[in-house]
Amino acid sequence: MQTNLRDVAGPYFGEFGGRFVAEPLIAALDQLEATYLHAKSDPAFISELAELHRTYTGRPSIITEAPKFAAQFGDLRVFLKREDLNHTGSHKINNVMGQALLAKRMGKKRIIAETGAGQHGVASATAAAFFGLDCVVYMGEIDTERQALNVARMKLLGAEVIPVTTGSRTLKDAINEALRDWVANVETTHYLLGTVAGPHPFPTMVRDFHSVIGIESRAQMLEMTGRLPDAVAACVGGGSNAIGIFHPFLDDENVQLWGFEAAGDGVDTPKHAATLSKGRPGVLHGARSYMLQDEDGQTMESHSISAGLDYPGVGPEHSWLKDLGRAKYFGITDAQAMNAMRLLAQTEGIIPAIETAHALAGVSHLSDVLPAGAHILINLSGRGDKDMETAGRYFGLLEEK
């Protein structure tokens, strides 16, 4: 009997996924998996999370058509799933509310998190404040500088933000430090991982919490247009917003799935984060997946103007979907993303996060490969408030200090 793609739940997605972690974490991962499996079939848990989304997160998020933006690319219709309108300003809140409920069920009083763009850190600090948990957020030192506003938000919410000064001082190194903390404090602490990477059950569990994006989108597109979109698109770093909107469409064979990752200065230069375009299978942060590595198998440094996409790995389910050919992945340069950010702002009055702008820039590529009149659904995963200093300097709108 053929298994639907949506039913695959790990620990492996094809040859990708698994658990490659220190022995002290195995018991904690087993406890987390058991707690999650029980919770997802518990009507009380499902009802409590749904109520939080209705009354706190702001779900369901709306879909906005963007006709003036779409007109720049020919005969297309572009629809935006507005995760930027969620409380805290991004899709990240979907996952953290679910994991915070699990932390309470496990009796954990402290959560730790890692963050690149700061959106997951802000969402984690928000959930910790809401549920009365202690919160520590690890963040690469470079990211604390380019996302200073989000650092201030996290601190105001009561979280301790620890700048990571090792390695490239970005998201990869923040995850390393969070894992070290978890090993040392596993009895009292839950690691609230922010993306669909890491050891099982994180890729499956985080995907499930974010799949509410695709579930809503599928029903909303049918209601708005009477049919499913021709393509669903999202930006891909670790891949949480992309898998969240992709997953409910996985078995809709006529719906193309497109992930747009950070090509930085170009995929043929040393400065990019195009893991699926230029990486090869290896083990990073507890799971086997595509990753950027040198000839000796050492993790290579990544680059993106977007802190949230500046990561040399990707979730294992994306690696599996790439090899299956079910999803396609394409690199977007820093310049292309910034131009798309400005274009959406000036045509539709919506300022997207720089991460999201990579997916918006992908419409140019999709206009070449999709038929005339195609409907494209894009996950607008976050708003651009946090990126205004970067954007202001990029476009010459701020004076140099």
# chains A, B, ... in the order shown; residues from 1 in each chain; ligands from 1
call {"tool": "select_by_dssp", "arguments": {"residues": "segment 98-306 of chain A", "states": "strand (DSSP E or B)", "output": "VMD selection string"}}
result
chain A and resid 110 to 115 134 to 140 160 to 164 189 to 191 231 to 236 256 to 264 280 to 284 287 to 291 293 299
call {"tool": "write_last_selection", "arguments": {"atoms": "N, CA and C atoms", "output": "compact mmCIF listing (two decimals), in the first residue's frame"}}
result
# COMPACT_ATOMS: atom_id res chain seq x y z
N ARG A 110 12.08 25.81 32.89
CA ARG A 110 13.02 26.68 32.17
C ARG A 110 13.04 26.26 30.70
N ILE A 111 13.01 27.24 29.81
CA ILE A 111 13.19 26.94 28.41
C ILE A 111 14.41 27.69 27.88
N ILE A 112 15.06 27.06 26.92
CA ILE A 112 16.15 27.72 26.20
C ILE A 112 15.79 27.70 24.71
N ALA A 113 16.30 28.66 24.00
CA ALA A 113 16.02 28.75 22.57
C ALA A 113 17.23 29.36 21.88
N GLU A 114 17.28 29.15 20.58
CA GLU A 114 18.28 29.80 19.72
C GLU A 114 17.53 30.68 18.74
N THR A 115 18.20 31.69 18.23
CA THR A 115 17.53 32.51 17.23
C THR A 115 18.55 33.16 16.31
N ASP A 134 11.09 30.46 33.04
CA ASP A 134 12.37 31.14 32.83
C ASP A 134 12.80 30.92 31.38
N CYS A 135 13.48 31.90 30.81
CA CYS A 135 13.83 31.81 29.39
C CYS A 135 15.23 32.35 29.13
N VAL A 136 16.04 31.55 28.44
CA VAL A 136 17.37 31.98 27.98
C VAL A 136 17.42 31.80 26.47
N VAL A 137 17.86 32.84 25.77
CA VAL A 137 17.94 32.78 24.30
C VAL A 137 19.39 32.96 23.88
N TYR A 138 19.89 32.00 23.10
CA TYR A 138 21.24 32.09 22.53
C TYR A 138 21.14 32.70 21.13
N MET A 139 22.04 33.64 20.88
CA MET A 139 22.00 34.38 19.61
C MET A 139 23.42 34.74 19.20
N GLY A 140 23.78 34.47 17.95
CA GLY A 140 25.11 34.83 17.48
C GLY A 140 25.37 36.31 17.65
N GLU A 160 16.71 36.24 29.18
CA GLU A 160 18.15 36.52 29.17
C GLU A 160 18.68 36.18 27.78
N VAL A 161 19.32 37.14 27.14
CA VAL A 161 19.88 36.93 25.80
C VAL A 161 21.39 36.79 25.93
N ILE A 162 21.91 35.65 25.46
CA ILE A 162 23.34 35.39 25.57
C ILE A 162 23.97 35.46 24.18
N PRO A 163 24.80 36.48 23.90
CA PRO A 163 25.48 36.55 22.60
C PRO A 163 26.53 35.45 22.49
N VAL A 164 26.56 34.78 21.36
CA VAL A 164 27.51 33.68 21.14
C VAL A 164 28.66 34.22 20.30
N THR A 189 15.18 21.64 32.07
CA THR A 189 15.09 22.56 30.94
C THR A 189 14.54 21.88 29.70
N HIS A 190 13.68 22.59 28.97
CA HIS A 190 13.24 22.15 27.65
C HIS A 190 13.91 23.03 26.60
N TYR A 191 14.50 22.39 25.60
CA TYR A 191 15.09 23.13 24.48
C TYR A 191 13.99 23.38 23.45
N ALA A 231 1.04 26.82 -7.51
CA ALA A 231 2.32 26.72 -6.81
C ALA A 231 2.20 27.32 -5.42
N VAL A 232 2.88 26.69 -4.47
CA VAL A 232 3.02 27.21 -3.11
C VAL A 232 4.50 27.51 -2.89
N ALA A 233 4.81 28.70 -2.41
CA ALA A 233 6.21 29.12 -2.30
C ALA A 233 6.50 29.67 -0.91
N ALA A 234 7.74 29.48 -0.47
CA ALA A 234 8.17 29.99 0.83
C ALA A 234 9.69 30.11 0.84
N CYS A 235 10.21 30.96 1.72
CA CYS A 235 11.65 31.02 1.90
C CYS A 235 12.09 29.82 2.73
N VAL A 236 13.38 29.43 2.57
CA VAL A 236 13.91 28.27 3.29
C VAL A 236 15.26 28.61 3.90
N GLN A 256 2.58 22.64 -7.36
CA GLN A 256 4.05 22.67 -7.26
C GLN A 256 4.47 23.32 -5.94
N LEU A 257 5.53 22.80 -5.36
CA LEU A 257 6.07 23.34 -4.10
C LEU A 257 7.46 23.90 -4.38
N TRP A 258 7.66 25.17 -4.02
CA TRP A 258 8.92 25.85 -4.32
C TRP A 258 9.50 26.49 -3.05
N GLY A 259 10.73 26.11 -2.74
CA GLY A 259 11.46 26.73 -1.64
C GLY A 259 12.56 27.63 -2.19
N PHE A 260 12.64 28.84 -1.67
CA PHE A 260 13.65 29.80 -2.14
C PHE A 260 14.64 30.06 -1.00
N GLU A 261 15.89 29.65 -1.24
CA GLU A 261 16.91 29.77 -0.20
C GLU A 261 17.88 30.90 -0.53
N ALA A 262 18.73 31.22 0.45
CA ALA A 262 19.57 32.41 0.35
C ALA A 262 20.82 32.14 -0.49
N ALA A 263 20.87 32.80 -1.66
CA ALA A 263 22.06 32.67 -2.52
C ALA A 263 23.09 33.74 -2.22
N GLY A 264 22.82 34.63 -1.27
CA GLY A 264 23.81 35.62 -0.85
C GLY A 264 24.35 36.44 -2.02
N ARG A 280 25.65 18.91 0.41
CA ARG A 280 25.58 17.47 0.23
C ARG A 280 25.28 16.84 1.58
N PRO A 281 24.78 15.59 1.59
CA PRO A 281 24.36 14.99 2.86
C PRO A 281 25.47 14.88 3.90
N GLY A 282 25.12 15.17 5.13
CA GLY A 282 26.04 15.07 6.25
C GLY A 282 25.23 15.19 7.54
N VAL A 283 25.92 15.25 8.67
CA VAL A 283 25.23 15.34 9.96
C VAL A 283 25.54 16.69 10.60
N LEU A 284 24.49 17.42 10.94
CA LEU A 284 24.62 18.72 11.61
C LEU A 284 23.52 18.85 12.65
N ALA A 287 21.06 15.64 13.23
CA ALA A 287 20.28 14.99 12.18
C ALA A 287 21.08 14.94 10.88
N ARG A 288 20.77 13.93 10.06
CA ARG A 288 21.38 13.83 8.74
C ARG A 288 20.53 14.62 7.75
N SER A 289 21.19 15.50 7.01
CA SER A 289 20.47 16.33 6.05
C SER A 289 21.48 16.92 5.08
N TYR A 290 20.99 17.67 4.10
CA TYR A 290 21.92 18.42 3.27
C TYR A 290 22.55 19.52 4.12
N MET A 291 23.83 19.77 3.88
CA MET A 291 24.54 20.83 4.60
C MET A 291 25.70 21.32 3.76
N GLN A 293 29.43 21.88 3.32
CA GLN A 293 30.64 21.32 3.93
C GLN A 293 31.79 21.35 2.93
N THR A 299 31.86 21.70 8.42
CA THR A 299 30.79 22.64 8.10
C THR A 299 31.37 23.95 7.60
call {"tool": "closest_atom_pairs", "arguments": {"of": "segment 158-214 of chain A", "to": "segment 76-85 of chain A", "cutoff": "12 Å", "atoms": "only C-alpha atoms", "output": "Markdown table"}}
result
| residue | atom | partner | partner_atom | distance |
| --- | --- | --- | --- | --- |
| A:His210 | CA | A:Glu83 | CA | 10.7 |
| A:Val212 | CA | A:Glu83 | CA | 10.9 |
| A:Ile213 | CA | A:Lys81 | CA | 7.9 |
| A:Gly214 | CA | A:Lys81 | CA | 9.1 |
call {"tool": "write_last_selection", "arguments": {"atoms": "N, CA, C and O atoms", "output": "CSV table (one decimal), in the first residue's frame"}}
result
chain,number,residue,atom,x,y,z
A,210,HIS,N,3.4,23.8,12.8
A,210,HIS,CA,3.3,24.9,11.8
A,210,HIS,C,2.4,24.5,10.7
A,210,HIS,O,2.1,25.3,9.8
A,212,VAL,N,-0.6,24.1,10.6
A,212,VAL,CA,-1.8,24.9,10.7
A,212,VAL,C,-1.8,26.0,9.6
A,212,VAL,O,-2.9,26.4,9.1
A,213,ILE,N,-0.6,26.5,9.2
A,213,ILE,CA,-0.5,27.5,8.1
A,213,ILE,C,-1.1,26.9,6.8
A,213,ILE,O,-1.9,27.5,6.1
A,214,GLY,N,-0.6,25.7,6.4
A,214,GLY,CA,-1.1,25.1,5.2
A,214,GLY,C,-2.5,24.6,5.3
A,214,GLY,O,-3.2,24.7,4.3
call {"tool": "residues_around", "arguments": {"residues": "Pro11 of chain A", "least_positions_apart": "3", "cutoff": "9 Å", "atoms": "only C-alpha atoms", "output": "VMD selection string"}}
result
chain A and resid 8 16 to 19 199 to 201 203 to 204
call {"tool": "write_last_selection", "arguments": {"atoms": "all heavy atoms", "output": "compact mmCIF listing (two decimals), in the first residue's frame"}}
result
# COMPACT_ATOMS: atom_id res chain seq x y z
N VAL A 8 4.20 10.54 6.56
CA VAL A 8 5.55 10.20 7.01
C VAL A 8 5.90 11.09 8.22
O VAL A 8 5.83 12.32 8.13
CB VAL A 8 6.58 10.39 5.88
CG1 VAL A 8 7.99 10.12 6.39
CG2 VAL A 8 6.23 9.46 4.72
N PHE A 16 17.25 10.73 5.46
CA PHE A 16 17.52 11.93 6.25
C PHE A 16 16.78 11.91 7.59
O PHE A 16 15.71 11.33 7.72
CB PHE A 16 17.13 13.17 5.45
CG PHE A 16 17.81 13.28 4.12
CD1 PHE A 16 17.13 12.98 2.95
CD2 PHE A 16 19.15 13.62 4.05
CE1 PHE A 16 17.76 13.06 1.71
CE2 PHE A 16 19.80 13.69 2.82
CZ PHE A 16 19.10 13.41 1.65
N GLY A 17 17.36 12.61 8.57
CA GLY A 17 16.73 12.70 9.89
C GLY A 17 17.54 11.92 10.92
O GLY A 17 18.76 11.91 10.92
N GLY A 18 16.81 11.26 11.84
CA GLY A 18 17.47 10.45 12.86
C GLY A 18 17.85 11.23 14.10
O GLY A 18 17.38 12.36 14.32
N ARG A 19 18.69 10.59 14.92
CA ARG A 19 19.20 11.20 16.14
C ARG A 19 20.69 10.96 16.23
O ARG A 19 21.13 9.82 16.35
CB ARG A 19 18.56 10.57 17.38
CG ARG A 19 17.18 10.99 17.71
CD ARG A 19 16.74 10.26 18.97
NE ARG A 19 15.37 10.59 19.32
CZ ARG A 19 14.70 10.00 20.31
NH1 ARG A 19 15.30 9.06 21.05
NH2 ARG A 19 13.47 10.34 20.56
N PRO A 199 17.55 16.74 16.13
CA PRO A 199 17.23 15.32 16.27
C PRO A 199 15.74 15.05 16.40
O PRO A 199 14.99 15.91 16.88
CB PRO A 199 17.97 14.93 17.56
CG PRO A 199 18.01 16.20 18.36
CD PRO A 199 18.18 17.31 17.35
N HIS A 200 15.31 13.86 16.00
CA HIS A 200 13.92 13.45 16.18
C HIS A 200 13.56 13.52 17.66
O HIS A 200 14.36 13.12 18.49
CB HIS A 200 13.76 12.01 15.67
CG HIS A 200 12.36 11.48 15.79
ND1 HIS A 200 11.35 11.86 14.94
CD2 HIS A 200 11.80 10.61 16.67
CE1 HIS A 200 10.24 11.25 15.28
NE2 HIS A 200 10.49 10.49 16.33
N PRO A 201 12.40 14.08 18.06
CA PRO A 201 11.23 14.35 17.22
C PRO A 201 11.09 15.79 16.73
O PRO A 201 10.02 16.15 16.22
CB PRO A 201 10.08 14.02 18.17
CG PRO A 201 10.57 14.51 19.50
CD PRO A 201 12.05 14.19 19.50
N PRO A 203 12.07 17.68 14.07
CA PRO A 203 11.59 18.00 12.71
C PRO A 203 10.11 17.68 12.49
O PRO A 203 9.40 18.45 11.84
CB PRO A 203 12.49 17.12 11.82
CG PRO A 203 13.74 16.94 12.62
CD PRO A 203 13.26 16.81 14.04
N THR A 204 9.66 16.56 13.06
CA THR A 204 8.25 16.18 12.91
C THR A 204 7.34 17.06 13.76
O THR A 204 6.30 17.55 13.30
CB THR A 204 8.05 14.71 13.31
OG1 THR A 204 8.91 13.90 12.50
CG2 THR A 204 6.61 14.28 13.13
call {"tool": "residues_around", "arguments": {"residues": "Ala50 of chain A", "least_positions_apart": "6", "cutoff": "12 Å", "atoms": "only C-alpha atoms", "output": "ChimeraX atom specification"}}
result
/A:40,43-44,56-60,94,97-98,101,209,212
call {"tool": "write_last_selection", "arguments": {"atoms": "C-alpha atoms", "output": "PDB file, in the first residue's frame"}}
result
ATOM      1  CA  LYS A  40      -1.451  15.253  19.846  1.00  0.00           C
ATOM      2  CA  PRO A  43      -8.570  16.415  22.953  1.00  0.00           C
ATOM      3  CA  ALA A  44      -7.767  18.640  25.944  1.00  0.00           C
ATOM      4  CA  TYR A  56      -3.727  35.053  21.711  1.00  0.00           C
ATOM      5  CA  THR A  57      -1.838  34.208  18.510  1.00  0.00           C
ATOM      6  CA  GLY A  58      -4.477  35.687  16.198  1.00  0.00           C
ATOM      7  CA  ARG A  59      -5.437  32.703  14.043  1.00  0.00           C
ATOM      8  CA  PRO A  60      -6.677  32.080  11.474  1.00  0.00           C
ATOM      9  CA  ASN A  94       2.638  28.727  16.161  1.00  0.00           C
ATOM     10  CA  MET A  97       2.930  27.952  22.004  1.00  0.00           C
ATOM     11  CA  GLY A  98       2.704  24.224  21.296  1.00  0.00           C
ATOM     12  CA  LEU A 101       2.446  23.608  26.554  1.00  0.00           C
ATOM     13  CA  PHE A 209       2.743  22.736  14.928  1.00  0.00           C
ATOM     14  CA  VAL A 212      -1.800  24.934  10.681  1.00  0.00           C
TER      15      VAL A 212
END
call {"tool": "closest_residue", "arguments": {"among": "A:Leu157, A:Ala34, A:Ala66, A:Ala100", "to": "Thr88 of chain A", "atoms": "only C-alpha atoms"}}
result
A:Leu157
call {"tool": "closest_residue", "arguments": {"among": "A:Glu317, A:Asp181, A:Glu65, A:Asp230", "to": "His375 of chain A", "atoms": "only C-alpha atoms"}}
result
A:Asp230
call {"tool": "select_by_dssp", "arguments": {"residues": "segment 47-185 of chain A", "states": "helix (DSSP H, G or I)", "output": "MDAnalysis selection string"}}
result
chainID A and resid 47:57 67:73 83:85 92:105 119:131 141:146 148:156 171:184
call {"tool": "closest_residue", "arguments": {"among": "A:Lys386, A:His285, A:His38, A:His91", "to": "Ser211 of chain A", "atoms": "only C-alpha atoms"}}
result
A:His91
call {"tool": "residues_around", "arguments": {"residues": "Val267 of chain A", "least_positions_apart": "6", "cutoff": "9 Å", "atoms": "only C-alpha atoms", "output": "JSON, numbers by chain"}}
result
{"A": [273, 274, 277, 278, 331, 332, 333]}
